[in-house]
$ cat work26.cif   # mmCIF, C-alpha atoms
data_work
#
loop_
_atom_site.label_atom_id
_atom_site.label_comp_id
_atom_site.auth_asym_id
_atom_site.auth_seq_id
_atom_site.Cartn_x
_atom_site.Cartn_y
_atom_site.Cartn_z
CA MET A 1 12.15 125.62 -61.28
CA ALA A 2 14.71 128.46 -61.07
CA THR A 3 13.34 131.93 -61.60
CA TYR A 4 15.30 134.73 -63.26
CA ILE A 5 15.28 138.00 -61.33
CA PRO A 6 16.47 140.98 -63.38
CA THR A 7 18.98 143.30 -61.78
CA ARG A 8 17.47 146.33 -63.54
CA ALA A 9 13.96 147.61 -63.00
CA ILE A 10 11.72 148.07 -66.08
CA ASP A 11 9.33 150.98 -66.27
CA HIS A 12 5.92 150.95 -67.89
CA ALA A 13 7.41 151.99 -71.25
CA GLY A 14 9.71 148.98 -71.28
CA HIS A 15 12.92 150.95 -70.56
CA ASP A 16 15.55 149.79 -68.15
CA GLN A 17 16.12 151.74 -64.95
CA GLU A 18 19.20 151.83 -62.73
CA PRO A 19 18.68 150.04 -59.41
CA PRO A 20 18.72 152.28 -56.36
CA SER A 21 22.15 152.74 -54.83
CA PRO A 22 22.71 151.45 -51.29
CA PRO A 23 22.99 154.09 -48.57
CA GLN A 24 26.49 155.37 -47.94
CA SER A 25 27.96 155.78 -44.49
CA GLY A 26 31.13 157.55 -43.47
CA GLY A 27 31.97 159.71 -46.44
CA GLY A 28 35.19 161.53 -47.15
CA GLU A 29 34.49 164.09 -44.44
CA GLY A 30 33.61 161.43 -41.91
CA HIS A 31 29.82 161.84 -42.19
CA GLY A 32 27.16 159.99 -44.07
CA ASP A 33 23.44 159.73 -43.29
CA ASN A 34 24.18 161.47 -39.97
CA PHE A 35 26.60 158.71 -38.88
CA PRO A 36 30.02 160.23 -38.02
CA ASN A 37 33.08 158.23 -38.96
CA TYR A 38 34.70 158.02 -35.54
CA GLY A 39 37.45 155.74 -36.84
CA ALA A 40 38.67 158.48 -39.18
CA ARG A 41 38.43 161.04 -36.39
CA LEU A 42 40.55 158.86 -34.12
CA ARG A 43 43.20 158.41 -36.81
CA ARG A 44 43.38 162.16 -37.40
CA ALA A 45 43.61 162.81 -33.65
CA ARG A 46 46.45 160.31 -33.31
CA LEU A 47 48.26 161.88 -36.25
CA GLY A 48 48.01 165.29 -34.58
CA LEU A 49 49.29 163.74 -31.36
CA ILE A 50 52.31 162.31 -33.17
CA CYS A 51 53.12 165.75 -34.57
CA GLY A 52 52.85 167.24 -31.08
CA ILE A 53 55.08 164.55 -29.56
CA VAL A 54 57.72 165.11 -32.23
CA THR A 55 57.67 168.84 -31.50
CA VAL A 56 58.05 168.34 -27.75
CA SER A 57 60.79 165.77 -28.32
CA MET A 58 62.75 168.20 -30.47
CA LEU A 59 62.44 170.83 -27.73
CA PHE A 60 63.91 168.56 -25.08
CA ILE A 61 66.59 167.28 -27.42
CA SER A 62 67.64 170.90 -27.94
CA LEU A 63 67.66 171.52 -24.18
CA THR A 64 69.73 168.37 -23.66
CA SER A 65 72.29 169.46 -26.25
CA ALA A 66 72.56 172.91 -24.65
CA TYR A 67 72.87 171.29 -21.21
CA ILE A 68 75.74 169.02 -22.24
CA VAL A 69 77.59 171.69 -24.23
CA ARG A 70 77.26 174.36 -21.51
CA ARG A 71 78.53 171.92 -18.90
CA GLY A 72 81.88 171.68 -20.65
CA LEU A 73 82.31 175.37 -21.54
CA PRO A 74 84.37 177.70 -19.33
CA THR A 75 83.45 181.34 -18.71
CA PHE A 76 85.73 184.28 -19.40
CA ASP A 77 86.44 186.58 -16.44
CA GLU A 78 87.03 190.13 -17.72
CA VAL A 79 88.55 191.23 -14.40
CA LYS A 80 91.13 188.46 -14.16
CA GLN A 81 91.41 188.17 -17.93
CA GLY A 82 91.15 184.42 -17.80
CA TYR A 83 88.77 181.47 -18.10
CA PHE A 84 87.22 179.63 -15.18
CA ARG A 85 84.55 176.98 -14.65
CA ASP A 86 81.34 178.33 -13.18
CA TRP A 87 79.17 175.27 -13.73
CA GLY A 88 78.79 174.29 -10.08
CA GLU A 89 77.13 171.16 -8.71
CA VAL A 90 73.59 171.04 -7.33
CA PRO A 91 72.75 168.33 -4.76
CA LEU A 92 69.34 167.14 -5.90
CA PRO A 93 66.63 165.82 -3.53
CA TRP A 94 66.85 162.33 -5.00
CA LEU A 95 64.38 160.70 -2.59
CA LEU A 96 61.67 163.23 -3.38
CA LEU A 97 62.34 162.95 -7.12
CA ALA A 98 62.18 159.15 -6.87
CA ILE A 99 58.79 159.38 -5.14
CA ASN A 100 57.58 161.71 -7.88
CA THR A 101 58.77 159.22 -10.48
CA ALA A 102 56.85 156.40 -8.80
CA ILE A 103 53.70 158.56 -8.69
CA LEU A 104 53.96 159.38 -12.39
CA LEU A 105 54.54 155.75 -13.37
CA LEU A 106 51.53 154.70 -11.30
CA SER A 107 49.43 157.38 -13.01
CA SER A 108 50.52 156.00 -16.39
CA ILE A 109 49.17 152.60 -15.34
CA THR A 110 45.83 154.04 -14.24
CA MET A 111 45.61 156.07 -17.46
CA GLU A 112 46.07 152.89 -19.46
CA GLY A 113 43.24 151.37 -17.43
CA ALA A 114 41.01 154.29 -18.42
CA ARG A 115 41.97 153.89 -22.08
CA ARG A 116 41.20 150.17 -22.12
CA ALA A 117 37.93 150.63 -20.26
CA ILE A 118 36.60 153.21 -22.72
CA THR A 119 37.81 151.11 -25.66
CA ARG A 120 35.79 148.13 -24.40
CA ARG A 121 32.83 150.41 -23.82
CA ALA A 122 32.99 151.76 -27.37
CA ALA A 123 33.24 148.22 -28.77
CA LEU A 124 30.12 147.14 -26.86
CA ALA A 125 28.14 150.29 -27.65
CA PRO A 126 26.35 148.72 -30.68
CA VAL A 127 25.21 145.83 -28.50
CA GLU A 128 23.95 148.16 -25.78
CA SER A 129 21.89 150.06 -28.35
CA ILE A 130 19.69 146.97 -28.87
CA PRO A 131 16.39 147.39 -26.99
CA GLY A 132 16.30 145.31 -23.83
CA ILE A 133 20.11 144.96 -23.60
CA SER A 134 21.97 146.59 -20.73
CA LEU A 135 25.68 146.39 -19.92
CA GLY A 136 25.41 147.93 -16.49
CA GLU A 137 26.89 151.14 -15.19
CA GLU A 138 29.87 152.62 -17.04
CA GLY A 139 33.26 152.55 -15.37
CA SER A 140 33.39 150.20 -12.38
CA PHE A 141 36.64 151.91 -11.32
CA PRO A 142 37.31 155.66 -11.69
CA TRP A 143 40.55 155.26 -13.64
CA LEU A 144 40.49 158.75 -15.08
CA ALA A 145 39.76 160.49 -11.77
CA VAL A 146 42.57 158.59 -10.04
CA THR A 147 44.97 159.57 -12.83
CA ILE A 148 44.06 163.24 -12.46
CA VAL A 149 44.70 163.08 -8.71
CA LEU A 150 48.06 161.39 -9.27
CA GLY A 151 48.96 163.99 -11.89
CA PHE A 152 48.34 166.82 -9.45
CA GLY A 153 50.28 164.83 -6.87
CA PHE A 154 53.27 164.73 -9.19
CA LEU A 155 53.10 168.49 -9.75
CA LEU A 156 52.89 169.02 -5.99
CA GLY A 157 55.95 166.83 -5.57
CA GLN A 158 57.82 168.89 -8.14
CA TRP A 159 56.89 172.06 -6.27
CA LEU A 160 58.25 170.53 -3.06
CA ALA A 161 61.45 169.54 -4.89
CA TRP A 162 61.94 173.12 -6.09
CA GLY A 163 61.32 174.30 -2.53
CA GLU A 164 63.97 171.91 -1.28
CA LEU A 165 66.47 173.26 -3.80
CA LYS A 166 65.65 176.79 -2.69
CA ALA A 167 66.14 175.80 0.95
CA ARG A 168 69.58 174.47 0.06
CA GLY A 169 70.47 177.82 -1.46
CA PHE A 170 70.11 176.93 -5.14
CA LEU A 171 67.91 179.30 -7.11
CA VAL A 172 67.36 179.57 -10.85
CA ASN A 173 70.31 181.96 -11.28
CA THR A 174 72.68 180.43 -8.70
CA ASN A 175 74.80 178.68 -11.33
CA PRO A 176 74.31 177.19 -14.83
CA ASP A 177 73.61 173.73 -13.39
CA SER A 178 70.72 174.95 -11.24
CA SER A 179 69.37 176.99 -14.17
CA PHE A 180 69.16 173.93 -16.39
CA ILE A 181 67.63 171.81 -13.62
CA TYR A 182 64.83 174.32 -13.12
CA LEU A 183 64.39 174.72 -16.88
CA LEU A 184 64.15 171.00 -17.65
CA THR A 185 61.83 170.13 -14.79
CA ALA A 186 59.63 173.21 -15.26
CA ALA A 187 59.28 172.59 -19.01
CA HIS A 188 58.19 169.02 -18.29
CA ALA A 189 55.74 170.20 -15.62
CA VAL A 190 54.12 172.66 -18.03
CA HIS A 191 53.62 169.99 -20.69
CA LEU A 192 52.34 167.52 -18.10
CA PHE A 193 49.81 170.10 -16.88
CA GLY A 194 48.55 170.23 -20.46
CA GLY A 195 47.84 166.49 -20.19
CA ILE A 196 45.86 167.07 -16.98
CA VAL A 197 43.77 169.70 -18.77
CA ALA A 198 43.06 167.17 -21.52
CA MET A 199 41.99 164.61 -18.92
CA LEU A 200 39.66 167.15 -17.33
CA TRP A 201 38.13 167.77 -20.76
CA ALA A 202 37.66 164.02 -21.21
CA GLY A 203 35.85 163.93 -17.87
CA ILE A 204 33.63 166.83 -18.92
CA THR A 205 32.59 164.94 -22.07
CA ALA A 206 31.34 162.15 -19.81
CA LEU A 207 29.37 164.60 -17.63
CA LEU A 208 27.83 166.09 -20.78
CA HIS A 209 26.78 162.58 -21.89
CA ARG A 210 28.62 162.85 -25.18
CA PRO A 211 28.69 159.72 -27.39
CA VAL A 212 31.01 157.03 -26.12
CA GLU A 213 33.04 157.23 -29.34
CA VAL A 214 33.77 160.92 -28.69
CA ARG A 215 34.90 160.10 -25.16
CA ARG A 216 37.06 157.29 -26.49
CA ILE A 217 38.91 159.66 -28.84
CA ALA A 218 39.58 162.13 -26.02
CA ILE A 219 40.81 159.49 -23.59
CA ASP A 220 42.79 157.51 -26.17
CA VAL A 221 44.81 160.51 -27.36
CA THR A 222 45.31 161.79 -23.82
CA ALA A 223 46.48 158.37 -22.65
CA TRP A 224 49.22 158.11 -25.27
CA TYR A 225 50.32 161.65 -24.50
CA TRP A 226 50.43 160.82 -20.78
CA HIS A 227 52.56 157.74 -21.44
CA PHE A 228 54.93 159.97 -23.40
CA MET A 229 55.12 162.35 -20.43
CA ALA A 230 56.10 159.44 -18.19
CA VAL A 231 58.82 158.29 -20.59
CA LEU A 232 60.04 161.88 -20.95
CA TRP A 233 60.34 162.26 -17.19
CA ILE A 234 62.34 159.02 -16.93
CA TYR A 235 64.66 160.48 -19.57
CA ILE A 236 65.08 163.75 -17.62
CA PHE A 237 65.58 161.88 -14.35
CA ALA A 238 68.30 159.71 -15.92
CA LEU A 239 69.94 162.72 -17.59
CA LEU A 240 70.20 164.62 -14.31
CA GLY A 241 71.61 161.53 -12.63
CA LEU A 242 74.27 160.93 -15.27
CA MET A 243 75.38 164.56 -15.21
CA ARG A 244 76.24 164.51 -11.49
#
$ encode --input "work26.cif" --output "structure tokens"
Amino acid sequence: MATYIPTRAIDHAGHDQEPPSPPQSGGGEGHGDNFPNYGARLRRARLGLICGIVTVSMLFISLTSAYIVRRGLPTFDEVKQGYFRDWGEVPLPWLLLAINTAILLLSSITMEGARRAITRRAALAPVESIPGISLGEEGSFPWLAVTIVLGFGFLLGQWLAWGELKARGFLVNTNPDSSFIYLLTAAHAVHLFGGIVAMLWAGITALLHRPVEVRRIAIDVTAWYWHFMAVLWIYIFALLGLMR
């Protein structure tokens, strides 16, 4: 025979009582019962990354506009009382720049490997927390470390490219063309170094044995930023080639 189970508790006086509410997890601030809402944290981090990428993109769009406009503007000579073109042409070390491009693209691939590895690790973390379950050692391949090495290799290649320009007699103030070349490549190198710093921080979180979800947020955001740096360099490389 079916038995009726009331949804409200009845006290000794015969009055109804509200049933206890289920525990809440992941409140509006991302915390509930000491369980952080890492999904919300990741979304906020990605939103901040998007804002940063838009800002950097606007900077390089402005530099591109100034580069194109200045290329077509003549300069007034007060002595001769006339206009002349002082743009000049800088022979770039294309082979060295091409090698740098290959290094950066390879580092983007290894960074994606690091992102996917930590994403899988975070997805399997609940299973690993079960007593008696082990998923083995984390990170069978040091994707992040390889990416950091390649990133420094790219910066070294850029330094060699600037040295080659200097050896050919083209300094920052030689002509407007050389000024923009140094400006564009140096601005990219500074932003790329920021990505290396972020990768180093992600590595430190692993050494400090931070939760895998925290490491995932650091690596995920850094990976998308690093991919953007690779795309931005391809854009600069193509721009310099088209302006020859």
$ resolve_selection --input "work26.cif" --expression "the PyMOL selection byres ((chain A and resi 117) around 12)" --output "list in words"
Thr110, Met111, Glu112, Gly113, Ala114, Arg115, Arg116, Ile118, Thr119, Arg120, Arg121, Ala122, Ala123, Leu124, Glu138, Gly139, Ser140, Phe141, Pro142, Trp143, Leu144, Val212, Arg215, Arg216, Ile219, Asp220 and Ala223 of chain A
$ residues_near_point --input "work26.cif" --point "(39.4, 165.3, -26.8)" --cutoff "10 Å" --atoms "all atoms listed in the file" --output "MDAnalysis selection string"
chainID A and resid 42 45 198:205 214:222
$ write_last_selection --input "work26.cif" --atoms "C-alpha atoms" --output "compact mmCIF listing (two decimals), keeping the file's coordinate frame"
# COMPACT_ATOMS: atom_id res chain seq x y z
CA LEU A 42 40.55 158.86 -34.12
CA ALA A 45 43.61 162.81 -33.65
CA ALA A 198 43.06 167.17 -21.52
CA MET A 199 41.99 164.61 -18.92
CA LEU A 200 39.66 167.15 -17.33
CA TRP A 201 38.13 167.77 -20.76
CA ALA A 202 37.66 164.02 -21.21
CA GLY A 203 35.85 163.93 -17.87
CA ILE A 204 33.63 166.83 -18.92
CA THR A 205 32.59 164.94 -22.07
CA VAL A 214 33.77 160.92 -28.69
CA ARG A 215 34.90 160.10 -25.16
CA ARG A 216 37.06 157.29 -26.49
CA ILE A 217 38.91 159.66 -28.84
CA ALA A 218 39.58 162.13 -26.02
CA ILE A 219 40.81 159.49 -23.59
CA ASP A 220 42.79 157.51 -26.17
CA VAL A 221 44.81 160.51 -27.36
CA THR A 222 45.31 161.79 -23.82
$ atom_distance --input "work26.cif" --atom1 "CA of Trp87 (chain A)" --atom2 "CA of Val56 (chain A)"
26.3 Å
$ atom_distance --input "work26.cif" --atom1 "CA of Ala187 (chain A)" --atom2 "CA of Phe60 (chain A)"
8.6 Å
$ residues_near_point --input "work26.cif" --point "(78.5, 170.7, -22.2)" --cutoff "12 Å" --atoms "all atoms listed in the file" --output "list in words"
Leu63, Thr64, Ser65, Ala66, Tyr67, Ile68, Val69, Arg70, Arg71, Gly72, Leu73, Pro74, Arg85, Trp87, Pro176, Asp177, Phe180 and Met243 of chain A
$ closest_residue --input "work26.cif" --among "A:Leu208, A:His191, A:Leu240, A:Ile103" --to "Thr55 (chain A)" --atoms "all atoms listed in the file"
A:His191
$ atom_distance --input "work26.cif" --atom1 "CA of Leu171 (chain A)" --atom2 "CA of Pro93 (chain A)"
14.0 Å
$ closest_residue --input "work26.cif" --among "A:Ile196, A:Leu184, A:Val231, A:Val190" --to "Ser62 (chain A)" --atoms "all atoms listed in the file"
A:Leu184
$ residues_around --input "work26.cif" --residues "Phe237 (chain A)" --least-positions-apart "3" --cutoff "9 Å" --atoms "only C-alpha atoms" --output "JSON, numbers by chain"
{"A": [97, 98, 101, 232, 233, 234, 240, 241, 242]}
$ closest_residue --input "work26.cif" --among "A:Ala230, A:Leu165, A:Ala206, A:Ala189" --to "Glu89 (chain A)" --atoms "only C-alpha atoms"
A:Leu165
$ closest_residue --input "work26.cif" --among "A:Leu95, A:Leu239, A:Ile53, A:Met229" --to "Leu160 (chain A)" --atoms "only C-alpha atoms"
A:Leu95
